[in-house]
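*Asks:* Hey, dropping protein21.cif in here, mmCIF, C-alpha atoms, pLDDT in the B column; chains and numbers go by the auth columns:
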data_my_file
#
loop_
_atom_site.group_PDB
_atom_site.id
_atom_site.type_symbol
_atom_site.label_atom_id
_atom_site.label_comp_id
_atom_site.label_asym_id
_atom_site.label_seq_id
_atom_site.Cartn_x
_atom_site.Cartn_y
_atom_site.Cartn_z
_atom_site.B_iso_or_equiv
_atom_site.auth_seq_id
_atom_site.auth_asym_id
ATOM 1 C CA MET A 1 -14.167 2.050 -24.670 82.00 678 A
ATOM 2 C CA LEU A 2 -10.766 1.021 -23.399 88.00 679 A
ATOM 3 C CA SER A 3 -12.162 -2.344 -22.316 89.00 680 A
ATOM 4 C CA GLN A 4 -12.450 -3.216 -26.026 85.00 681 A
ATOM 5 C CA LEU A 5 -8.812 -2.357 -26.837 83.00 682 A
ATOM 6 C CA GLU A 6 -5.624 -4.415 -26.492 83.00 683 A
ATOM 7 C CA PRO A 7 -3.169 -2.776 -24.060 86.00 684 A
ATOM 8 C CA SER A 8 0.586 -2.683 -24.642 91.00 685 A
ATOM 9 C CA ALA A 9 3.436 -2.466 -22.192 93.00 686 A
ATOM 10 C CA VAL A 10 5.938 0.358 -22.726 96.00 687 A
ATOM 11 C CA LEU A 11 9.537 0.156 -21.504 97.00 688 A
ATOM 12 C CA PRO A 12 12.212 2.850 -21.700 97.00 689 A
ATOM 13 C CA ALA A 13 15.744 2.246 -22.995 97.00 690 A
ATOM 14 C CA ARG A 14 18.739 4.583 -22.836 97.00 691 A
ATOM 15 C CA ASP A 15 20.422 2.627 -25.635 97.00 692 A
ATOM 16 C CA ILE A 16 18.012 0.972 -28.068 97.00 693 A
ATOM 17 C CA LYS A 17 20.753 -1.113 -29.720 97.00 694 A
ATOM 18 C CA ARG A 18 21.875 -2.478 -26.349 98.00 695 A
ATOM 19 C CA ALA A 19 18.225 -3.188 -25.444 97.00 696 A
ATOM 20 C CA ARG A 20 17.690 -5.002 -28.757 97.00 697 A
ATOM 21 C CA THR A 21 20.699 -7.215 -28.053 97.00 698 A
ATOM 22 C CA PHE A 22 19.440 -8.023 -24.532 97.00 699 A
ATOM 23 C CA TYR A 23 15.880 -8.836 -25.606 97.00 700 A
ATOM 24 C CA THR A 24 16.938 -10.943 -28.588 96.00 701 A
ATOM 25 C CA GLU A 25 19.999 -12.729 -27.200 96.00 702 A
ATOM 26 C CA LYS A 26 19.087 -13.132 -23.530 96.00 703 A
ATOM 27 C CA LEU A 27 15.289 -13.381 -23.686 96.00 704 A
ATOM 28 C CA GLY A 28 14.923 -14.919 -27.140 94.00 705 A
ATOM 29 C CA LEU A 29 12.433 -12.313 -28.368 94.00 706 A
ATOM 30 C CA GLN A 30 12.475 -11.054 -31.941 95.00 707 A
ATOM 31 C CA PRO A 31 11.172 -7.586 -32.819 96.00 708 A
ATOM 32 C CA ALA A 32 7.930 -7.631 -34.777 96.00 709 A
ATOM 33 C CA GLU A 33 8.555 -4.002 -35.785 95.00 710 A
ATOM 34 C CA GLU A 34 11.549 -1.701 -35.697 96.00 711 A
ATOM 35 C CA ARG A 35 11.587 2.066 -36.157 96.00 712 A
ATOM 36 C CA GLU A 36 14.237 4.590 -35.302 96.00 713 A
ATOM 37 C CA GLY A 37 14.519 4.561 -31.507 96.00 714 A
ATOM 38 C CA GLU A 38 11.766 1.934 -31.093 97.00 715 A
ATOM 39 C CA LEU A 39 11.318 -1.821 -30.978 97.00 716 A
ATOM 40 C CA ARG A 40 8.005 -3.654 -30.686 97.00 717 A
ATOM 41 C CA PHE A 41 7.812 -7.257 -29.558 95.00 718 A
ATOM 42 C CA ARG A 42 4.611 -9.304 -29.840 93.00 719 A
ATOM 43 C CA ALA A 43 3.583 -12.277 -27.728 87.00 720 A
ATOM 44 C CA LEU A 44 1.724 -15.274 -29.134 84.00 721 A
ATOM 45 C CA SER A 45 -1.441 -13.822 -27.581 82.00 722 A
ATOM 46 C CA GLY A 46 -1.033 -10.650 -29.644 82.00 723 A
ATOM 47 C CA ALA A 47 -0.040 -8.512 -26.663 86.00 724 A
ATOM 48 C CA SER A 48 2.895 -6.244 -27.379 93.00 725 A
ATOM 49 C CA VAL A 49 5.816 -4.591 -25.634 95.00 726 A
ATOM 50 C CA LEU A 50 7.161 -1.331 -27.000 96.00 727 A
ATOM 51 C CA VAL A 51 10.748 -0.471 -26.071 97.00 728 A
ATOM 52 C CA TYR A 52 11.644 3.125 -26.880 97.00 729 A
ATOM 53 C CA GLU A 53 14.759 5.238 -26.443 97.00 730 A
ATOM 54 C CA THR A 54 14.706 7.834 -23.661 96.00 731 A
ATOM 55 C CA GLU A 55 16.985 9.136 -20.930 94.00 732 A
ATOM 56 C CA ASN A 56 14.386 8.083 -18.295 91.00 733 A
ATOM 57 C CA ALA A 57 15.230 4.383 -18.564 92.00 734 A
ATOM 58 C CA GLY A 58 15.895 2.421 -15.403 89.00 735 A
ATOM 59 C CA THR A 59 14.442 4.973 -13.000 93.00 736 A
ATOM 60 C CA ALA A 60 11.373 2.974 -11.906 93.00 737 A
ATOM 61 C CA LYS A 61 11.788 0.877 -8.751 93.00 738 A
ATOM 62 C CA ASN A 62 8.830 -1.392 -9.489 94.00 739 A
ATOM 63 C CA THR A 63 8.191 -4.393 -11.717 95.00 740 A
ATOM 64 C CA ALA A 64 7.692 -3.037 -15.225 95.00 741 A
ATOM 65 C CA LEU A 65 6.874 -6.251 -17.082 95.00 742 A
ATOM 66 C CA LEU A 66 5.653 -9.689 -15.991 95.00 743 A
ATOM 67 C CA TRP A 67 5.490 -13.027 -17.748 95.00 744 A
ATOM 68 C CA THR A 68 3.506 -15.904 -16.241 94.00 745 A
ATOM 69 C CA THR A 69 4.544 -19.514 -16.684 95.00 746 A
ATOM 70 C CA ASP A 70 3.607 -23.001 -15.527 95.00 747 A
ATOM 71 C CA ASP A 71 7.327 -23.842 -15.130 96.00 748 A
ATOM 72 C CA LEU A 72 9.150 -21.135 -13.192 96.00 749 A
ATOM 73 C CA ALA A 73 12.179 -23.291 -12.417 96.00 750 A
ATOM 74 C CA GLY A 74 12.587 -24.156 -16.095 97.00 751 A
ATOM 75 C CA GLU A 75 12.251 -20.530 -17.230 97.00 752 A
ATOM 76 C CA VAL A 76 14.731 -19.330 -14.610 98.00 753 A
ATOM 77 C CA ALA A 77 17.202 -22.030 -15.670 97.00 754 A
ATOM 78 C CA ARG A 78 16.859 -21.123 -19.359 97.00 755 A
ATOM 79 C CA LEU A 79 17.286 -17.417 -18.633 98.00 756 A
ATOM 80 C CA ARG A 80 20.327 -18.072 -16.431 98.00 757 A
ATOM 81 C CA ASP A 81 21.840 -20.176 -19.213 97.00 758 A
ATOM 82 C CA ALA A 82 21.390 -17.138 -21.494 97.00 759 A
ATOM 83 C CA GLY A 83 23.238 -14.930 -18.996 97.00 760 A
ATOM 84 C CA VAL A 84 20.349 -13.311 -17.124 98.00 761 A
ATOM 85 C CA VAL A 85 21.186 -12.467 -13.498 98.00 762 A
ATOM 86 C CA PHE A 86 18.331 -12.666 -11.009 98.00 763 A
ATOM 87 C CA GLU A 87 17.839 -10.179 -8.192 97.00 764 A
ATOM 88 C CA GLU A 88 17.990 -11.221 -4.553 97.00 765 A
ATOM 89 C CA TYR A 89 15.554 -9.553 -2.147 95.00 766 A
ATOM 90 C CA ASP A 90 15.247 -9.685 1.635 96.00 767 A
ATOM 91 C CA LEU A 91 12.279 -7.464 2.430 93.00 768 A
ATOM 92 C CA PRO A 92 9.462 -7.729 4.966 92.00 769 A
ATOM 93 C CA GLY A 93 7.126 -10.347 3.502 89.00 770 A
ATOM 94 C CA LEU A 94 9.379 -11.160 0.539 91.00 771 A
ATOM 95 C CA LYS A 95 12.654 -13.059 0.533 95.00 772 A
ATOM 96 C CA THR A 96 14.257 -14.761 -2.431 96.00 773 A
ATOM 97 C CA GLU A 97 16.230 -17.973 -2.252 95.00 774 A
ATOM 98 C CA ASN A 98 18.463 -18.570 -5.241 95.00 775 A
ATOM 99 C CA GLY A 99 16.581 -15.767 -7.016 96.00 776 A
ATOM 100 C CA ILE A 100 13.064 -17.119 -6.403 97.00 777 A
ATOM 101 C CA ALA A 101 10.517 -15.814 -3.901 96.00 778 A
ATOM 102 C CA THR A 102 7.595 -17.925 -2.732 94.00 779 A
ATOM 103 C CA THR A 103 4.398 -16.356 -1.414 90.00 780 A
ATOM 104 C CA ASP A 104 0.975 -17.827 -0.662 88.00 781 A
ATOM 105 C CA GLN A 105 -0.185 -16.980 -4.196 91.00 782 A
ATOM 106 C CA GLU A 106 2.868 -17.396 -6.404 94.00 783 A
ATOM 107 C CA ARG A 107 6.539 -18.056 -6.933 96.00 784 A
ATOM 108 C CA ALA A 108 8.422 -15.319 -8.765 97.00 785 A
ATOM 109 C CA ALA A 109 11.876 -14.229 -9.870 98.00 786 A
ATOM 110 C CA TRP A 110 12.975 -10.727 -10.854 97.00 787 A
ATOM 111 C CA PHE A 111 15.779 -9.524 -13.091 98.00 788 A
ATOM 112 C CA LYS A 112 16.816 -6.269 -14.707 97.00 789 A
ATOM 113 C CA ASP A 113 17.092 -5.751 -18.424 97.00 790 A
ATOM 114 C CA SER A 114 20.075 -4.001 -19.983 97.00 791 A
ATOM 115 C CA GLU A 115 18.397 -0.640 -19.317 97.00 792 A
ATOM 116 C CA GLY A 116 17.685 -1.153 -15.606 97.00 793 A
ATOM 117 C CA ASN A 117 13.974 -1.989 -15.975 96.00 794 A
ATOM 118 C CA ILE A 118 12.768 -4.601 -13.487 96.00 795 A
ATOM 119 C CA LEU A 119 11.217 -7.633 -15.188 97.00 796 A
ATOM 120 C CA CYS A 120 9.592 -10.660 -13.596 97.00 797 A
ATOM 121 C CA VAL A 121 8.679 -14.213 -14.420 97.00 798 A
ATOM 122 C CA ALA A 122 6.106 -15.810 -12.115 97.00 799 A
ATOM 123 C CA GLU A 123 4.147 -18.990 -11.552 96.00 800 A
ATOM 124 C CA GLU A 124 0.818 -19.102 -9.761 92.00 801 A
ATOM 125 C CA ARG A 125 0.650 -21.631 -6.950 83.00 802 A
ATOM 126 C CA VAL A 126 -2.180 -24.119 -7.162 71.00 803 A
ATOM 127 C CA ALA A 127 -4.174 -25.233 -4.130 55.00 804 A
ATOM 128 C CA ALA A 128 -2.376 -28.588 -3.997 49.00 805 A
ATOM 129 C CA GLU A 129 0.960 -26.791 -3.407 56.00 806 A
ATOM 130 C CA LEU A 130 -0.343 -24.729 -0.507 50.00 807 A
#
Could you spell out this file's structure in structure tokens?

*Replies:*
Amino acid sequence: MLSQLEPSAVLPARDIKRARTFYTEKLGLQPAEEREGELRFRALSGASVLVYETENAGTAKNTALLWTTDDLAGEVARLRDAGVVFEEYDLPGLKTENGIATTDQERAAWFKDSEGNILCVAEERVAAEL
């Protein structure tokens, strides 16, 4: 059964070398495995992200990968220091201020990787903040 298996995220990259540079230098991730046209990153939890080379990269308009944190401001600051540029949104029900959106449930910030994939770092809001 799938409920007994560990899922992995899969992200496309037009240029796997460029993607490797972005993920290692900007996000601080190191590949656990490398094959021709593929990189696999592993989180401390064991979850993995496979980045593979394809011409379809950057075509999705949705969040492709999400990290959760207890310190969104700190993560955003560290990523900005590494050169990550955060997206600004002004949509019905979602507006960012200085790259961060606040909803009833969470605070979140989105950025694009070198391949145009939309990535997000988010922090759940606790009852005391509401």

*Asks:* Could you check which residues have any atom within 12 Å of (17.4, 4.1, -23.7), counting only C-alpha atoms with coordinates taken straight from the file, and then list them as a JSON list (two decimals) with C-alpha atoms, keeping the file's coordinate frame?

*Replies:*
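Written out: selection.json:
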[["chain", "number", "residue", "atom", "x", "y", "z"],
["A", 688, "LEU", "CA", 9.54, 0.16, -21.50],
["A", 689, "PRO", "CA", 12.21, 2.85, -21.70],
["A", 690, "ALA", "CA", 15.74, 2.25, -23.00],
["A", 691, "ARG", "CA", 18.74, 4.58, -22.84],
["A", 692, "ASP", "CA", 20.42, 2.63, -25.64],
["A", 693, "ILE", "CA", 18.01, 0.97, -28.07],
["A", 694, "LYS", "CA", 20.75, -1.11, -29.72],
["A", 695, "ARG", "CA", 21.88, -2.48, -26.35],
["A", 696, "ALA", "CA", 18.23, -3.19, -25.44],
["A", 697, "ARG", "CA", 17.69, -5.00, -28.76],
["A", 714, "GLY", "CA", 14.52, 4.56, -31.51],
["A", 715, "GLU", "CA", 11.77, 1.93, -31.09],
["A", 716, "LEU", "CA", 11.32, -1.82, -30.98],
["A", 728, "VAL", "CA", 10.75, -0.47, -26.07],
["A", 729, "TYR", "CA", 11.64, 3.12, -26.88],
["A", 730, "GLU", "CA", 14.76, 5.24, -26.44],
["A", 731, "THR", "CA", 14.71, 7.83, -23.66],
["A", 732, "GLU", "CA", 16.98, 9.14, -20.93],
["A", 733, "ASN", "CA", 14.39, 8.08, -18.30],
["A", 734, "ALA", "CA", 15.23, 4.38, -18.56],
["A", 735, "GLY", "CA", 15.90, 2.42, -15.40],
["A", 736, "THR", "CA", 14.44, 4.97, -13.00],
["A", 790, "ASP", "CA", 17.09, -5.75, -18.42],
["A", 791, "SER", "CA", 20.08, -4.00, -19.98],
["A", 792, "GLU", "CA", 18.40, -0.64, -19.32],
["A", 793, "GLY", "CA", 17.68, -1.15, -15.61],
["A", 794, "ASN", "CA", 13.97, -1.99, -15.98]]

*Asks:* Where does the PyMOL selection byres ((chain A and resi 725) around 9) land in this file, that is, which residues does it pick, as number ranges by chain?

*Replies:* A: 683-687, 717-720, 722-724, 726-727

*Asks:* Would you kindly return, as a compact mmCIF listing (two decimals) with C-alpha atoms, in the frame of the given file, each protein, DNA or RNA residue with an atom no farther than 7 Å from any atom of region 759-762 of chain A, considering only C-alpha atoms and excluding same-chain residues fewer than 4 positions away?

*Replies:*
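Final output, result-v3.txt:
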# COMPACT_ATOMS: atom_id res chain seq x y z
CA LYS A 703 19.09 -13.13 -23.53
CA ARG A 755 16.86 -21.12 -19.36
CA PHE A 788 15.78 -9.52 -13.09

*Asks:* A:Phe763, A:Leu749, A:Glu702, A:Leu743: which is nearest Lys789 (chain A), counting all atoms listed in the file?

*Replies:*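 Nearest to Lys789 (chain A): A:Phe763.
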
*Asks:* Env of region 767-781 of chain A: 8 Å cut, atoms = all atoms listed in the file, seq-sep filter 4 positions within chain, self excluded. Answer as a PyMOL selection string.

*Replies:* chain A and resi 763+785-787+802+807

*Asks:* What would the file look like if the residues just selected were written as a PDB file, in the frame of the given file with C-alpha atoms?

*Replies:*
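Dumped to out00.pdb:
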ATOM      1  CA  PHE A 763      18.331 -12.666 -11.009  1.00 98.00           C
ATOM      2  CA  ALA A 785       8.422 -15.319  -8.765  1.00 97.00           C
ATOM      3  CA  ALA A 786      11.876 -14.229  -9.870  1.00 98.00           C
ATOM      4  CA  TRP A 787      12.975 -10.727 -10.854  1.00 97.00           C
ATOM      5  CA  ARG A 802       0.650 -21.631  -6.950  1.00 83.00           C
ATOM      6  CA  LEU A 807      -0.343 -24.729  -0.507  1.00 50.00           C
TER       7      LEU A 807
END

*Asks:* Using only C-alpha atoms, can you tell me which of A:Lys738, A:Val803, A:Met678, A:Leu756 comes closest to Thr701 (chain A)?

*Replies:*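 Nearest candidate to Thr701 (chain A) out of A:Lys738, A:Val803, A:Met678, A:Leu756: A:Leu756.
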
*Asks:* One decimal, in Å: what's the spacing between CA of Glu752 (chain A) and CA of Glu800 (chain A)?

*Replies:*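 Going from CA of Glu752 (chain A) over to CA of Glu800 (chain A), I get 10.0 Å.
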
*Asks:* With N, CA and C atoms as the goal, would you fill in the gaps in region 738-768 of chain A and present it as a compact mmCIF listing (two decimals), in the frame of the given file?

*Replies:*
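Saved result, selection.txt, follows:
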# COMPACT_ATOMS: atom_id res chain seq x y z
N LYS A 738 11.36 1.85 -9.77
CA LYS A 738 11.79 0.88 -8.75
C LYS A 738 10.77 -0.25 -8.59
N ASN A 739 9.88 -0.38 -9.55
CA ASN A 739 8.83 -1.39 -9.49
C ASN A 739 8.96 -2.35 -10.67
N THR A 740 8.23 -3.45 -10.61
CA THR A 740 8.19 -4.39 -11.72
C THR A 740 7.52 -3.71 -12.90
N ALA A 741 8.21 -3.71 -14.03
CA ALA A 741 7.69 -3.04 -15.22
C ALA A 741 7.02 -4.00 -16.19
N LEU A 742 7.42 -5.27 -16.15
CA LEU A 742 6.87 -6.25 -17.08
C LEU A 742 6.89 -7.62 -16.42
N LEU A 743 5.83 -8.38 -16.63
CA LEU A 743 5.65 -9.69 -15.99
C LEU A 743 5.25 -10.72 -17.03
N TRP A 744 5.90 -11.86 -16.97
CA TRP A 744 5.49 -13.03 -17.75
C TRP A 744 5.02 -14.08 -16.76
N THR A 745 3.95 -14.80 -17.09
CA THR A 745 3.51 -15.90 -16.24
C THR A 745 3.82 -17.22 -16.95
N THR A 746 4.14 -18.22 -16.15
CA THR A 746 4.54 -19.51 -16.68
C THR A 746 4.01 -20.62 -15.79
N ASP A 747 3.95 -21.82 -16.32
CA ASP A 747 3.61 -23.00 -15.53
C ASP A 747 4.87 -23.70 -15.05
N ASP A 748 6.05 -23.21 -15.46
CA ASP A 748 7.33 -23.84 -15.13
C ASP A 748 8.37 -22.78 -14.79
N LEU A 749 8.23 -22.19 -13.60
CA LEU A 749 9.15 -21.14 -13.19
C LEU A 749 10.59 -21.62 -13.13
N ALA A 750 10.82 -22.77 -12.54
CA ALA A 750 12.18 -23.29 -12.42
C ALA A 750 12.82 -23.46 -13.79
N GLY A 751 12.07 -23.97 -14.74
CA GLY A 751 12.59 -24.16 -16.10
C GLY A 751 12.90 -22.84 -16.77
N GLU A 752 12.01 -21.85 -16.63
CA GLU A 752 12.25 -20.53 -17.23
C GLU A 752 13.47 -19.86 -16.61
N VAL A 753 13.58 -19.93 -15.29
CA VAL A 753 14.73 -19.33 -14.61
C VAL A 753 16.02 -20.01 -15.09
N ALA A 754 16.01 -21.31 -15.20
CA ALA A 754 17.20 -22.03 -15.67
C ALA A 754 17.57 -21.62 -17.09
N ARG A 755 16.58 -21.52 -17.97
CA ARG A 755 16.86 -21.12 -19.36
C ARG A 755 17.40 -19.70 -19.42
N LEU A 756 16.81 -18.80 -18.64
CA LEU A 756 17.29 -17.42 -18.63
C LEU A 756 18.70 -17.32 -18.05
N ARG A 757 18.96 -18.06 -16.99
CA ARG A 757 20.33 -18.07 -16.43
C ARG A 757 21.33 -18.59 -17.46
N ASP A 758 20.96 -19.63 -18.18
CA ASP A 758 21.84 -20.18 -19.21
C ASP A 758 22.14 -19.13 -20.28
N ALA A 759 21.20 -18.20 -20.50
CA ALA A 759 21.39 -17.14 -21.49
C ALA A 759 22.14 -15.94 -20.91
N GLY A 760 22.47 -16.00 -19.61
CA GLY A 760 23.24 -14.93 -19.00
C GLY A 760 22.45 -13.94 -18.17
N VAL A 761 21.17 -14.20 -17.95
CA VAL A 761 20.35 -13.31 -17.12
C VAL A 761 20.72 -13.53 -15.66
N VAL A 762 20.86 -12.43 -14.92
CA VAL A 762 21.19 -12.47 -13.50
C VAL A 762 19.93 -12.08 -12.72
N PHE A 763 19.54 -12.92 -11.79
CA PHE A 763 18.33 -12.67 -11.01
C PHE A 763 18.65 -11.87 -9.75
N GLU A 764 17.71 -11.02 -9.37
CA GLU A 764 17.84 -10.18 -8.19
C GLU A 764 17.61 -11.02 -6.94
N GLU A 765 18.23 -10.61 -5.86
CA GLU A 765 17.99 -11.22 -4.55
C GLU A 765 17.37 -10.16 -3.66
N TYR A 766 16.26 -10.48 -3.02
CA TYR A 766 15.55 -9.55 -2.15
C TYR A 766 15.41 -10.16 -0.75
N ASP A 767 15.52 -9.31 0.25
CA ASP A 767 15.25 -9.68 1.64
C ASP A 767 14.47 -8.53 2.25
N LEU A 768 13.17 -8.53 2.00
CA LEU A 768 12.28 -7.46 2.43
C LEU A 768 11.22 -8.04 3.36
